[in-house]
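Printed here is coords.txt (compact mmCIF, C-alpha atoms and all ligand atoms):
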# COMPACT_ATOMS: atom_id res chain seq x y z
CA MET A 1 -94.92 232.91 256.32
CA LEU A 2 -92.41 235.61 255.69
CA VAL A 3 -89.02 236.09 257.37
CA VAL A 4 -87.97 239.74 257.19
CA MET A 5 -84.25 240.46 257.50
CA ARG A 6 -82.67 243.53 259.03
CA HIS A 7 -81.64 246.30 256.63
CA GLY A 8 -78.24 245.45 255.19
CA ALA A 9 -78.26 241.87 256.50
CA PRO A 10 -75.26 240.01 255.03
CA GLU A 11 -75.72 237.36 252.37
CA GLU A 12 -74.56 234.73 254.84
CA SER A 13 -77.43 235.42 257.26
CA VAL A 14 -79.94 235.19 254.41
CA ARG A 15 -78.44 231.87 253.36
CA ARG A 16 -78.72 230.60 256.93
CA VAL A 17 -82.45 231.36 257.01
CA VAL A 18 -82.93 229.61 253.66
CA ASP A 19 -81.10 226.53 254.96
CA VAL A 20 -83.18 226.35 258.13
CA ILE A 21 -86.43 226.71 256.17
CA ARG A 22 -85.34 223.80 253.98
CA GLU A 23 -84.35 221.74 257.00
CA LEU A 24 -87.84 222.28 258.37
CA GLY A 25 -89.15 220.71 255.15
CA TYR A 26 -90.43 223.81 253.32
CA GLN A 27 -89.42 225.78 250.26
CA ALA A 28 -87.63 229.10 250.69
CA ARG A 29 -88.05 232.03 248.32
CA PRO A 30 -85.66 234.94 248.96
CA MET A 31 -87.02 238.31 247.81
CA PRO A 32 -84.47 241.09 247.79
CA GLY A 33 -86.29 244.43 248.18
CA ARG A 34 -85.28 248.04 248.01
CA GLN A 35 -85.48 248.44 251.79
CA ARG A 36 -84.76 244.93 253.00
CA THR A 37 -84.63 241.30 252.03
CA ALA A 38 -87.47 238.99 252.96
CA ILE A 39 -87.59 235.23 252.62
CA GLY A 40 -90.89 233.60 251.91
CA LEU A 41 -91.66 230.19 253.33
CA ILE A 42 -93.82 228.14 251.01
CA GLY A 43 -95.51 224.79 251.41
CA ASN A 44 -96.98 225.14 254.88
CA ASP A 45 -100.65 224.31 255.35
CA GLY A 46 -100.97 225.65 258.84
CA LYS A 47 -98.83 227.65 261.22
CA VAL A 48 -95.13 226.91 261.30
CA ASP A 49 -93.36 227.14 264.64
CA SER A 50 -91.33 230.25 263.92
CA GLY A 51 -89.19 230.19 267.09
CA ARG A 52 -86.14 228.71 265.39
CA LEU A 53 -86.24 231.25 262.58
CA GLU A 54 -86.78 234.22 264.88
CA ALA A 55 -83.63 233.30 266.80
CA LEU A 56 -81.37 233.40 263.71
CA PRO A 57 -78.92 236.27 263.22
CA ASP A 58 -80.23 239.40 261.45
CA VAL A 59 -83.84 238.23 261.44
CA MET A 60 -85.96 241.27 262.23
CA GLN A 61 -89.46 239.85 262.13
CA VAL A 62 -91.48 236.80 261.16
CA ILE A 63 -94.85 237.59 259.60
CA HIS A 64 -97.63 235.03 259.45
CA VAL A 65 -99.58 235.85 256.26
CA SER A 66 -103.20 235.82 257.32
CA GLN A 67 -104.78 235.70 253.85
CA PRO A 68 -105.53 232.42 252.04
CA TYR A 69 -103.43 233.73 249.15
CA LYS A 70 -99.86 234.24 250.24
CA GLN A 71 -97.39 235.45 247.62
CA VAL A 72 -100.07 237.63 246.03
CA SER A 73 -100.77 239.50 249.26
CA ARG A 74 -99.56 242.90 250.40
CA GLU A 75 -98.39 241.25 253.61
CA TRP A 76 -95.99 239.20 251.50
CA ARG A 77 -94.73 242.21 249.61
CA ALA A 78 -95.48 245.81 250.50
CA GLU A 79 -94.07 247.38 247.32
CA PRO A 80 -96.15 247.26 244.14
CA THR A 81 -95.08 244.75 241.50
CA ILE A 82 -93.77 246.44 238.38
CA ILE A 83 -93.66 244.46 235.15
CA GLU A 84 -91.41 245.55 232.32
CA LEU A 85 -91.90 244.14 228.83
CA GLU A 86 -89.24 243.69 226.18
CA ASN A 87 -90.41 246.76 224.25
CA GLY A 88 -89.93 248.87 227.39
CA ALA A 89 -93.62 249.10 228.33
CA ILE A 90 -94.07 249.13 232.11
CA ILE A 91 -97.16 247.92 233.94
CA GLY A 92 -97.74 248.65 237.62
CA GLY A 93 -95.72 251.83 237.98
CA ASN A 94 -97.05 255.35 238.15
CA ASP A 95 -97.96 255.43 234.46
CA VAL A 96 -101.34 254.13 233.29
CA VAL A 97 -100.77 251.68 230.45
CA LEU A 98 -103.01 251.33 227.39
CA MET A 99 -103.67 247.98 225.73
CA ALA A 100 -105.88 248.26 222.68
CA GLY A 101 -106.88 246.40 219.54
CA PRO A 102 -109.64 244.34 218.08
CA CYS A 103 -111.38 241.56 219.98
CA SER A 104 -110.15 239.05 217.38
CA VAL A 105 -107.43 239.01 214.78
CA GLU A 106 -109.50 238.68 211.59
CA SER A 107 -107.17 239.30 208.67
CA GLU A 108 -103.78 240.69 207.79
CA SER A 109 -105.11 244.06 206.68
CA GLN A 110 -107.36 244.38 209.74
CA ILE A 111 -104.68 243.70 212.35
CA LEU A 112 -101.80 245.48 210.63
CA GLY A 113 -103.92 248.53 209.83
CA MET A 114 -105.23 248.63 213.38
CA ALA A 115 -101.76 248.18 214.87
CA HIS A 116 -100.32 251.14 212.96
CA ARG A 117 -103.34 253.27 213.75
CA LEU A 118 -103.12 252.51 217.47
CA ARG A 119 -99.38 252.90 217.58
CA ASP A 120 -99.84 256.38 216.13
CA ALA A 121 -102.37 257.05 218.90
CA GLY A 122 -99.58 256.29 221.39
CA VAL A 123 -100.52 252.74 222.40
CA THR A 124 -97.64 250.49 223.50
CA ILE A 125 -99.46 247.15 223.81
CA LEU A 126 -101.62 245.62 221.06
CA ARG A 127 -104.44 243.24 221.95
CA GLY A 128 -106.05 240.72 219.61
CA GLY A 129 -107.42 237.23 220.14
CA ALA A 130 -106.19 234.36 217.97
CA PHE A 131 -107.86 231.66 220.07
CA LYS A 132 -111.31 232.92 221.01
CA PRO A 133 -113.60 231.65 223.80
CA ARG A 134 -117.03 232.04 222.20
CA THR A 135 -120.37 231.39 223.87
CA SER A 136 -121.62 229.64 220.73
CA PRO A 137 -119.63 226.83 219.10
CA TYR A 138 -120.83 228.14 215.72
CA ALA A 139 -119.38 231.63 216.21
CA PHE A 140 -115.96 232.65 214.82
CA GLN A 141 -113.35 230.82 216.90
CA GLY A 142 -110.29 232.83 215.86
CA LEU A 143 -107.52 232.29 213.31
CA GLY A 144 -105.38 230.22 215.69
CA VAL A 145 -101.66 230.06 214.91
CA GLN A 146 -102.12 232.15 211.77
CA GLY A 147 -103.54 234.88 214.01
CA LEU A 148 -100.47 234.65 216.25
CA GLN A 149 -98.22 235.03 213.22
CA LEU A 150 -100.10 238.14 212.14
CA LEU A 151 -99.70 239.59 215.64
CA ALA A 152 -95.96 238.91 215.44
CA ARG A 153 -95.85 240.85 212.17
CA ALA A 154 -97.72 243.72 213.77
CA ARG A 155 -95.17 243.73 216.58
CA ALA A 156 -92.25 243.68 214.12
CA GLU A 157 -93.73 246.59 212.17
CA THR A 158 -94.79 248.79 215.09
CA GLY A 159 -92.67 247.83 218.11
CA MET A 160 -95.82 247.29 220.16
CA ALA A 161 -95.95 244.40 222.62
CA ILE A 162 -98.62 241.74 222.09
CA VAL A 163 -101.26 240.50 224.53
CA THR A 164 -103.27 237.50 223.34
CA GLU A 165 -105.28 234.74 224.95
CA ALA A 166 -104.28 231.15 225.66
CA LEU A 167 -107.46 229.11 225.71
CA GLU A 168 -106.22 225.60 226.47
CA THR A 169 -103.22 223.93 228.06
CA GLU A 170 -102.39 222.31 224.69
CA THR A 171 -101.78 225.66 223.00
CA VAL A 172 -100.11 227.58 225.85
CA ASP A 173 -96.64 226.95 224.46
CA VAL A 174 -97.40 228.18 220.98
CA VAL A 175 -99.10 231.29 222.39
CA ALA A 176 -96.05 231.87 224.62
CA GLU A 177 -93.81 231.74 221.55
CA TYR A 178 -95.56 234.79 220.08
CA ALA A 179 -97.06 236.71 223.00
CA ASP A 180 -95.41 239.26 225.28
CA ILE A 181 -98.32 238.83 227.70
CA ILE A 182 -100.49 235.72 227.85
CA GLN A 183 -104.13 236.49 228.55
CA ILE A 184 -106.17 234.05 230.63
CA GLY A 185 -109.78 234.86 229.88
CA ALA A 186 -112.68 235.24 232.30
CA ARG A 187 -114.06 231.81 231.48
CA ASN A 188 -110.73 230.20 232.32
CA MET A 189 -109.96 232.08 235.52
CA GLN A 190 -110.41 228.90 237.53
CA ASN A 191 -108.94 226.50 234.98
CA PHE A 192 -106.19 225.55 237.41
CA PRO A 193 -104.14 223.32 235.09
CA LEU A 194 -104.14 226.17 232.54
CA LEU A 195 -103.04 228.69 235.20
CA ARG A 196 -100.17 226.42 236.22
CA ARG A 197 -99.14 225.74 232.65
CA ALA A 198 -99.23 229.43 231.70
CA GLY A 199 -97.37 230.33 234.89
CA ARG A 200 -94.56 227.94 233.97
CA THR A 201 -93.91 229.73 230.67
CA GLY A 202 -92.42 232.59 232.72
CA LYS A 203 -94.27 235.10 230.50
CA PRO A 204 -96.28 237.92 232.06
CA ILE A 205 -99.90 236.80 232.53
CA LEU A 206 -103.01 238.96 232.19
CA LEU A 207 -105.54 237.25 234.42
CA LYS A 208 -109.13 238.33 233.89
CA ARG A 209 -111.73 238.08 236.62
CA GLY A 210 -114.32 235.35 236.12
CA LEU A 211 -117.93 236.24 235.39
CA ALA A 212 -119.03 235.22 238.88
CA ALA A 213 -115.73 235.25 240.74
CA THR A 214 -115.16 237.00 244.04
CA ILE A 215 -112.05 239.12 244.48
CA ASN A 216 -110.59 236.47 246.80
CA GLU A 217 -111.11 233.84 244.11
CA LEU A 218 -109.35 236.09 241.57
CA LEU A 219 -106.41 236.50 243.95
CA LEU A 220 -106.27 232.76 244.65
CA SER A 221 -106.16 232.11 240.91
CA ALA A 222 -103.26 234.55 240.65
CA GLU A 223 -101.61 232.63 243.49
CA TYR A 224 -101.55 229.52 241.25
CA ILE A 225 -99.32 231.45 238.84
CA LEU A 226 -97.05 232.87 241.52
CA ALA A 227 -96.80 229.42 243.07
CA GLU A 228 -95.16 228.32 239.78
CA GLY A 229 -92.44 230.90 240.39
CA ASN A 230 -93.91 233.50 238.01
CA GLU A 231 -94.56 236.81 239.73
CA ARG A 232 -95.43 238.77 236.60
CA VAL A 233 -99.21 238.76 236.90
CA ILE A 234 -101.52 241.60 235.87
CA LEU A 235 -105.07 241.34 237.16
CA CYS A 236 -108.01 242.57 235.12
CA GLU A 237 -111.47 243.67 236.20
CA ARG A 238 -113.71 242.97 233.20
CA GLY A 239 -117.14 242.99 234.79
CA VAL A 240 -119.16 240.35 236.56
CA ARG A 241 -122.62 239.02 235.77
CA GLY A 242 -125.18 241.56 236.92
CA PHE A 243 -128.96 241.60 236.81
CA ASP A 244 -129.54 244.63 234.65
CA GLU A 245 -129.95 244.22 230.90
CA HIS A 246 -128.64 247.61 229.81
CA THR A 247 -125.07 246.44 229.98
CA ARG A 248 -123.48 243.09 229.19
CA ASN A 249 -121.75 242.93 232.57
CA LEU A 250 -121.42 244.96 235.73
CA LEU A 251 -117.97 246.58 235.75
CA ASP A 252 -116.97 246.34 239.41
CA LEU A 253 -114.67 249.32 239.85
CA THR A 254 -114.54 248.80 243.61
CA ALA A 255 -112.34 245.81 242.79
CA ILE A 256 -109.55 248.24 241.87
CA PRO A 257 -108.97 249.88 245.27
CA VAL A 258 -109.84 246.60 247.00
CA VAL A 259 -107.19 244.68 245.05
CA HIS A 260 -104.68 247.45 245.61
CA SER A 261 -105.16 247.17 249.35
CA LEU A 262 -104.97 243.36 249.38
CA SER A 263 -102.29 242.73 246.77
CA HIS A 264 -99.09 244.17 245.30
CA LEU A 265 -100.10 243.06 241.80
CA PRO A 266 -101.17 245.65 239.22
CA ILE A 267 -104.82 245.70 238.15
CA ILE A 268 -106.18 247.06 234.90
CA ALA A 269 -109.79 247.55 233.77
CA ASP A 270 -111.60 246.29 230.68
CA PRO A 271 -114.57 248.60 230.12
CA SER A 272 -115.25 246.96 226.72
CA HIS A 273 -116.34 243.60 228.14
CA GLY A 274 -117.34 245.37 231.36
CA THR A 275 -120.15 247.21 229.60
CA GLY A 276 -120.61 245.48 226.24
CA VAL A 277 -121.92 248.75 224.83
CA ARG A 278 -119.76 251.04 222.67
CA ALA A 279 -121.20 254.27 224.05
CA LYS A 280 -120.51 253.20 227.63
CA VAL A 281 -116.86 252.26 227.15
CA THR A 282 -115.31 255.74 227.37
CA PRO A 283 -117.24 256.89 230.47
CA MET A 284 -116.25 253.72 232.30
CA ALA A 285 -112.65 253.99 231.10
CA ARG A 286 -112.56 257.46 232.65
CA ALA A 287 -114.04 256.11 235.86
CA ALA A 288 -111.57 253.21 235.99
CA VAL A 289 -108.58 255.52 235.72
CA ALA A 290 -110.09 257.78 238.37
CA ALA A 291 -110.49 254.70 240.59
CA GLY A 292 -106.77 253.96 240.29
CA ALA A 293 -106.56 251.34 237.52
CA ASP A 294 -102.97 250.70 236.43
CA GLY A 295 -104.13 250.42 232.85
CA LEU A 296 -106.97 249.89 230.42
CA ILE A 297 -107.62 247.21 227.83
CA ILE A 298 -109.91 248.51 225.11
CA GLU A 299 -111.43 246.87 222.03
CA VAL A 300 -111.03 249.01 218.92
CA HIS A 301 -111.97 247.93 215.38
CA PRO A 302 -111.57 249.64 212.01
CA ASP A 303 -115.18 248.79 211.16
CA PRO A 304 -116.98 247.64 214.32
CA ASP A 305 -120.27 246.87 212.59
CA ARG A 306 -118.51 244.19 210.55
CA ALA A 307 -116.37 242.78 213.38
CA LEU A 308 -116.38 238.99 213.68
CA SER A 309 -116.63 239.26 217.47
CA ASP A 310 -117.66 241.90 220.01
CA GLY A 311 -118.46 244.59 217.43
CA ALA A 312 -121.14 246.14 219.63
CA GLN A 313 -118.58 247.10 222.26
CA SER A 314 -115.70 247.95 219.92
CA LEU A 315 -114.78 251.60 219.53
CA TRP A 316 -114.18 253.35 216.23
CA PRO A 317 -110.56 254.52 216.06
CA GLU A 318 -111.65 258.17 216.37
CA GLN A 319 -113.57 257.32 219.53
CA PHE A 320 -110.45 255.72 220.89
CA ASP A 321 -108.46 258.91 220.21
CA ALA A 322 -110.99 260.86 222.28
CA LEU A 323 -110.76 258.26 225.05
CA VAL A 324 -106.98 258.69 225.18
CA GLN A 325 -107.34 262.46 225.50
CA GLN A 326 -109.89 262.18 228.28
CA VAL A 327 -108.28 259.48 230.39
CA GLY A 328 -104.98 261.32 230.00
CA MET A 329 -106.46 264.34 231.76
CA ILE A 330 -107.92 262.18 234.50
CA ALA A 331 -104.62 260.40 235.05
CA GLU A 332 -102.91 263.76 235.49
CA ALA A 333 -105.59 264.92 237.92
CA ILE A 334 -104.62 262.07 240.25
CA GLY A 335 -100.86 262.52 239.87
CA ARG A 336 -100.32 259.89 237.17
CA ARG A 337 -99.95 260.01 233.42
CA LEU A 338 -100.60 257.75 230.46
CA ALA A 339 -97.81 255.46 229.30
CA LEU A 340 -97.68 256.60 225.69
CA GLN A 341 -95.23 256.16 222.83
CA PRO A 342 -92.70 258.99 223.37
CA ASP A 343 -93.42 260.71 220.01
CA ARG A 344 -97.14 260.77 220.77
CA ARG A 345 -96.58 262.19 224.23
CA MET A 346 -94.52 265.01 222.76
CA ALA A 347 -97.12 265.70 220.09
CA MET A 348 -99.89 265.82 222.71
CA GLN A 349 -97.91 268.23 224.85
CA ALA A 350 -97.31 270.46 221.83
CA GLU A 351 -101.06 270.45 221.01
CA ARG A 352 -101.90 271.93 224.41
C1 LIG B 1 -111.53 239.16 225.22
O1 LIG B 1 -110.64 239.83 225.79
O2 LIG B 1 -111.85 239.32 224.03
C2 LIG B 1 -112.30 238.20 226.05
C3 LIG B 1 -112.84 237.13 225.53
O3 LIG B 1 -112.37 238.59 227.34
P1 LIG B 1 -113.10 237.91 228.60
O4 LIG B 1 -112.35 236.64 228.86
O5 LIG B 1 -112.95 238.91 229.69
O6 LIG B 1 -114.54 237.67 228.23
MN MN B 2 -113.82 240.49 223.12
Would you mind writing the structure in this file as C-alpha cells?
Amino acid sequence: MLVVMRHGAPEESVRRVVDVIRELGYQARPMPGRQRTAIGLIGNDGKVDSGRLEALPDVMQVIHVSQPYKQVSREWRAEPTIIELENGAIIGGNDVVLMAGPCSVESESQILGMAHRLRDAGVTILRGGAFKPRTSPYAFQGLGVQGLQLLARARAETGMAIVTEALETETVDVVAEYADIIQIGARNMQNFPLLRRAGRTGKPILLKRGLAATINELLLSAEYILAEGNERVILCERGVRGFDEHTRNLLDLTAIPVVHSLSHLPIIADPSHGTGVRAKVTPMARAAVAAGADGLIIEVHPDPDRALSDGAQSLWPEQFDALVQQVGMIAEAIGRRLALQPDRRMAMQAER
C-alpha cells in the first residue's frame, strides 16, 4: 500500500503517517519524489484498513498496489528509476547505455586490451565474468578473485565501471568489493538467498531473466532485492528457452515495453545470449533499442574463435564498432541517444 501526500506536505505530516504505519505493525518507507512524497507500507499480506491513514492531515490518496510485486511496480512509483554509477554512467534515463566486454575474464592482456579498445569505442561500462555459471562442470569456470582484480585494473586504467557476476552467496561480498554493478545470472534469477544477499550489499544489481521465467517472476525476483532496501536494480532480457534450433534462445523483446508498463525499473537487452549467434547479435541489438531498451549488454572478444566461453556469440571489435554506429542512429530516431564517453560522442558528431 502506498500513502500519497499532498504537494508540499510538511515534514511533520509525513512523520505522522510514518508513526501511524508503525503503530499498525508495518514498516514505513518514505519516498520523496519530484512532485510529491509517498510513503510505502511494507509487510502486509492482505489489505490493510486504510481509514486511519486516509484521515491524517495532508494525505491525498491511499493506493492499494494490485500487483504481487509492490515496490517494483509502476503503481508504487510512477517515475522511472535512474541509477547513477560512481564513474558518472547513468542507467534508466533518456540515454541508452552500453555495457560490453568478453563473456569471461581470461587473462591480463585480454581484459586490459579489450577494456581500452571498448573505452575508445565510447563504452562506459565493462562486462566480464570472473565467476562463470557453465553448463558443464568441465568447462572453464572463470578466474575467480584474480579475474576481479584484473577488472579493477581495467577500471583504474580506463575509468569504465565494472559489471560482473556473483554466482554464490559465499562470494557476493568479494564481488561487491570490486564490482560497480553485481550481475545475477539467468540461472540464479530465483536463487532467493542470493538475491537477498546481493541486495544487502547496496550495490546496483543487474538481474537477468531466467531461461524459463515469466515476466512476473522476473519482477518478483527484483522485489526480493528492493525488499532489502536496495532500489538500484536493472532488469535484463537475455532470451528464454525457445523451440527453434537456429538460435540459442528466443530474445523476448516484448518484455521491454511490458516491463516498462509494469515497473519503474530500467530494462536492458542482451542480444548475445539472446541469440547465441554472432551474426544475429547486431540485428537484435538494433531491434532492442527500437523496442525501448534502456541499454545493451554485448559480448565482444579480441579473438572470438579462441574465447574460453561464448565465442560463437562474441563480436569482433570491428563488428562492435558498427553496432554502436547503427544503434546510435536508431536511438536518435526514437528521441534518445547513446550514453557514450564524451570524447567519443564528439568524434562521432565530427565524423558526420
Ligand atoms: C553471461 O552474462 O555471460 C551469462 C552467463 O549470462 P546469462 O546468465 O544470461 O546466461
Ligand atoms: Mn556469456
Original post:
Please, what distance in Å, to one decimal, runs between atom CA of A:Gly88 and atom CA of A:Leu167?
Top reply: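 Atom-to-atom, atom CA of A:Gly88 to atom CA of A:Leu167, that is 26.5 Å.
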Original post:
Do you know which residues lie at most 12 Å from (-99.6, 216.5, 227.7), with coordinates as in the file and all atoms listed in the file counted, and could you write them as number ranges by chain?
Top reply: A: 168-173, 193-194, 197
Which residues, written as a PDB file with C-alpha atoms, in the frame of the given file, have at least one atom at most 7 Å from A:Leu315, with all atoms listed in the file counted and residues fewer than 6 positions away on the same chain left out?
ATOM      1  CA  ARG A 278    -119.760 251.040 222.670  1.00  0.00           C
ATOM      2  CA  GLU A 299    -111.430 246.870 222.030  1.00  0.00           C
ATOM      3  CA  VAL A 300    -111.030 249.010 218.920  1.00  0.00           C
ATOM      4  CA  HIS A 301    -111.970 247.930 215.380  1.00  0.00           C
ATOM      5  CA  PRO A 304    -116.980 247.640 214.320  1.00  0.00           C
TER       6      PRO A 304
END
Original post:
Distance atom CA of A:Asn249-atom CA of A:Ala89, one decimal place?
Top reply: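 If I compute the distance from atom CA of A:Asn249 to atom CA of A:Ala89, I get 29.1 Å.
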Once you count only C-alpha atoms and all ligand atoms, what closest atom pair and distance in Å to one decimal does each residue of chain A within 9 Å of ligand LIG 1 (chain B) have, with rows by chain and rising residue number, as JSON lines?
{"residue": "A:Pro102", "atom": "CA", "partner": "B:LIG1", "partner_atom": "O2", "distance": 8.1}
{"residue": "A:Cys103", "atom": "CA", "partner": "B:LIG1", "partner_atom": "O2", "distance": 4.7}
{"residue": "A:Ser104", "atom": "CA", "partner": "B:LIG1", "partner_atom": "O2", "distance": 6.9}
{"residue": "A:Arg127", "atom": "CA", "partner": "B:LIG1", "partner_atom": "O1", "distance": 8.1}
{"residue": "A:Gly128", "atom": "CA", "partner": "B:LIG1", "partner_atom": "O2", "distance": 7.4}
{"residue": "A:Gly129", "atom": "CA", "partner": "B:LIG1", "partner_atom": "O2", "distance": 6.3}
{"residue": "A:Lys132", "atom": "CA", "partner": "B:LIG1", "partner_atom": "C3", "distance": 6.4}
{"residue": "A:Pro133", "atom": "CA", "partner": "B:LIG1", "partner_atom": "C3", "distance": 5.8}
{"residue": "A:Arg134", "atom": "CA", "partner": "B:LIG1", "partner_atom": "C3", "distance": 7.4}
{"residue": "A:Thr164", "atom": "CA", "partner": "B:LIG1", "partner_atom": "O1", "distance": 8.1}
{"residue": "A:Glu165", "atom": "CA", "partner": "B:LIG1", "partner_atom": "O1", "distance": 7.4}
{"residue": "A:Gln183", "atom": "CA", "partner": "B:LIG1", "partner_atom": "O1", "distance": 7.8}
{"residue": "A:Ile184", "atom": "CA", "partner": "B:LIG1", "partner_atom": "O4", "distance": 6.9}
{"residue": "A:Gly185", "atom": "CA", "partner": "B:LIG1", "partner_atom": "O4", "distance": 3.3}
{"residue": "A:Ala186", "atom": "CA", "partner": "B:LIG1", "partner_atom": "O4", "distance": 3.7}
{"residue": "A:Arg187", "atom": "CA", "partner": "B:LIG1", "partner_atom": "O4", "distance": 5.8}
{"residue": "A:Asn188", "atom": "CA", "partner": "B:LIG1", "partner_atom": "O4", "distance": 7.5}
{"residue": "A:Met189", "atom": "CA", "partner": "B:LIG1", "partner_atom": "O4", "distance": 8.4}
{"residue": "A:Leu207", "atom": "CA", "partner": "B:LIG1", "partner_atom": "O4", "distance": 8.8}
{"residue": "A:Lys208", "atom": "CA", "partner": "B:LIG1", "partner_atom": "O5", "distance": 5.7}
{"residue": "A:Arg209", "atom": "CA", "partner": "B:LIG1", "partner_atom": "O5", "distance": 7.1}
{"residue": "A:Gly210", "atom": "CA", "partner": "B:LIG1", "partner_atom": "O5", "distance": 7.5}
{"residue": "A:Leu211", "atom": "CA", "partner": "B:LIG1", "partner_atom": "O5", "distance": 8.0}
{"residue": "A:Cys236", "atom": "CA", "partner": "B:LIG1", "partner_atom": "O5", "distance": 8.2}
{"residue": "A:Glu237", "atom": "CA", "partner": "B:LIG1", "partner_atom": "O5", "distance": 8.2}
{"residue": "A:Arg238", "atom": "CA", "partner": "B:LIG1", "partner_atom": "O5", "distance": 5.4}
{"residue": "A:Gly239", "atom": "CA", "partner": "B:LIG1", "partner_atom": "O5", "distance": 7.8}
{"residue": "A:Asp270", "atom": "CA", "partner": "B:LIG1", "partner_atom": "O5", "distance": 7.6}
{"residue": "A:Ser272", "atom": "CA", "partner": "B:LIG1", "partner_atom": "O1", "distance": 8.5}
{"residue": "A:His273", "atom": "CA", "partner": "B:LIG1", "partner_atom": "O5", "distance": 6.0}
{"residue": "A:Gly274", "atom": "CA", "partner": "B:LIG1", "partner_atom": "O5", "distance": 8.0}
{"residue": "A:Ile297", "atom": "CA", "partner": "B:LIG1", "partner_atom": "O1", "distance": 8.2}
{"residue": "A:Ile298", "atom": "CA", "partner": "B:LIG1", "partner_atom": "O1", "distance": 8.7}
{"residue": "A:Glu299", "atom": "CA", "partner": "B:LIG1", "partner_atom": "O2", "distance": 7.8}
{"residue": "A:Ser309", "atom": "CA", "partner": "B:LIG1", "partner_atom": "O2", "distance": 8.1}
{"residue": "A:Asp310", "atom": "CA", "partner": "B:LIG1", "partner_atom": "O2", "distance": 7.5}
I need the residues from that last selection saved to file as a CSV table (one decimal), in the frame of the given file (with C-alpha atoms), if you can.
chain,number,residue,atom,x,y,z
A,102,PRO,CA,-109.6,244.3,218.1
A,103,CYS,CA,-111.4,241.6,220.0
A,104,SER,CA,-110.2,239.0,217.4
A,127,ARG,CA,-104.4,243.2,222.0
A,128,GLY,CA,-106.0,240.7,219.6
A,129,GLY,CA,-107.4,237.2,220.1
A,132,LYS,CA,-111.3,232.9,221.0
A,133,PRO,CA,-113.6,231.6,223.8
A,134,ARG,CA,-117.0,232.0,222.2
A,164,THR,CA,-103.3,237.5,223.3
A,165,GLU,CA,-105.3,234.7,225.0
A,183,GLN,CA,-104.1,236.5,228.6
A,184,ILE,CA,-106.2,234.0,230.6
A,185,GLY,CA,-109.8,234.9,229.9
A,186,ALA,CA,-112.7,235.2,232.3
A,187,ARG,CA,-114.1,231.8,231.5
A,188,ASN,CA,-110.7,230.2,232.3
A,189,MET,CA,-110.0,232.1,235.5
A,207,LEU,CA,-105.5,237.2,234.4
A,208,LYS,CA,-109.1,238.3,233.9
A,209,ARG,CA,-111.7,238.1,236.6
A,210,GLY,CA,-114.3,235.4,236.1
A,211,LEU,CA,-117.9,236.2,235.4
A,236,CYS,CA,-108.0,242.6,235.1
A,237,GLU,CA,-111.5,243.7,236.2
A,238,ARG,CA,-113.7,243.0,233.2
A,239,GLY,CA,-117.1,243.0,234.8
A,270,ASP,CA,-111.6,246.3,230.7
A,272,SER,CA,-115.2,247.0,226.7
A,273,HIS,CA,-116.3,243.6,228.1
A,274,GLY,CA,-117.3,245.4,231.4
A,297,ILE,CA,-107.6,247.2,227.8
A,298,ILE,CA,-109.9,248.5,225.1
A,299,GLU,CA,-111.4,246.9,222.0
A,309,SER,CA,-116.6,239.3,217.5
A,310,ASP,CA,-117.7,241.9,220.0
Subject >> Pairwise distance for atom CA of A:Gly122 and atom CA of A:His264, rounded to one decimal in Å >> reply: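 One can read the atom CA of A:Gly122 to atom CA of A:His264 distance as 26.8 Å.
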Subject >> Best match for closeness to ligand MN 2 (chain B) among A:Val258, A:Ala287, A:Ala130, A:Ala154, counting all atoms listed in the file >> reply: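 Comparing A:Val258, A:Ala287, A:Ala130, A:Ala154 against ligand MN 2 (chain B), the winner is A:Ala130.
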Subject >> Closest of A:Arg34, A:Arg200, A:His260, A:Arg29 to A:Gly8 - atom-to-atom distances counting only C-alpha atoms >> reply: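 Among the listed residues, the smallest separation from A:Gly8 belongs to A:Arg34.
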Subject >> Spatial neighbours of A:Ala293, 7 Å, all atoms listed in the file, chain gap at least 4 places, as a PyMOL selection string >> reply: chain A and resi 256+267-269+288-289
Can you tell me which residues surround A:Ile225 at a distance of at most 7 Å, considering all atoms listed in the file, apart from same-chain residues fewer than 2 positions away, and format the answer as a compact mmCIF listing (two decimals) with C-alpha atoms, keeping the file's coordinate frame?
# COMPACT_ATOMS: atom_id res chain seq x y z
CA LEU A 195 -103.04 228.69 235.20
CA ARG A 196 -100.17 226.42 236.22
CA GLY A 199 -97.37 230.33 234.89
CA ALA A 222 -103.26 234.55 240.65
CA GLU A 223 -101.61 232.63 243.49
CA ALA A 227 -96.80 229.42 243.07
CA GLU A 228 -95.16 228.32 239.78
CA ASN A 230 -93.91 233.50 238.01
Original post:
So, counting only C-alpha atoms and all ligand atoms, which residue among A:Ala9, A:Ala213, A:Val105, A:Ala121 is closest to ligand MN 2 (chain B)?
Top reply: A:Val105
Original post:
Of the candidates A:Met5, A:Val233, A:Ala176, A:Met284, which shows the shortest atom-to-atom distance to A:Leu219, using only C-alpha atoms?
Top reply: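 Among the listed residues, the smallest separation from A:Leu219 belongs to A:Val233.
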Original post:
Looking at all atoms listed in the file, which of A:Gly335, A:Pro317, A:Gly242, A:Gly311 is the one that sits closest to ligand MN 2 (chain B)?
Top reply: A:Gly311
**OP:** Might you pull out every residue within 7 Å of stretch 73-80 of chain A, with all atoms listed in the file counted and same-chain residues fewer than 6 positions away left off, and present them as a ChimeraX atom specification?
**Re:** /A:2,65,92,262-265
**OP:** Can you pull out every residue within 8 Å of stretch 47-58 of chain A, counting all atoms listed in the file, but drop anything in the same chain fewer than 5 positions away, and send it as a list in words?
**Re:**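 Within the cut-off, the hits are Met1, Val3, Met5, Arg6, Ala9, Ser13, Arg16, Val17, Val20, Ile21 and His64 of chain A.
In this comparison, which uses all atoms listed in the file, the residue of A:Thr37, A:Thr124, A:Ser109, A:Thr247 approaching A:Gly295 most closely is A:Thr124.
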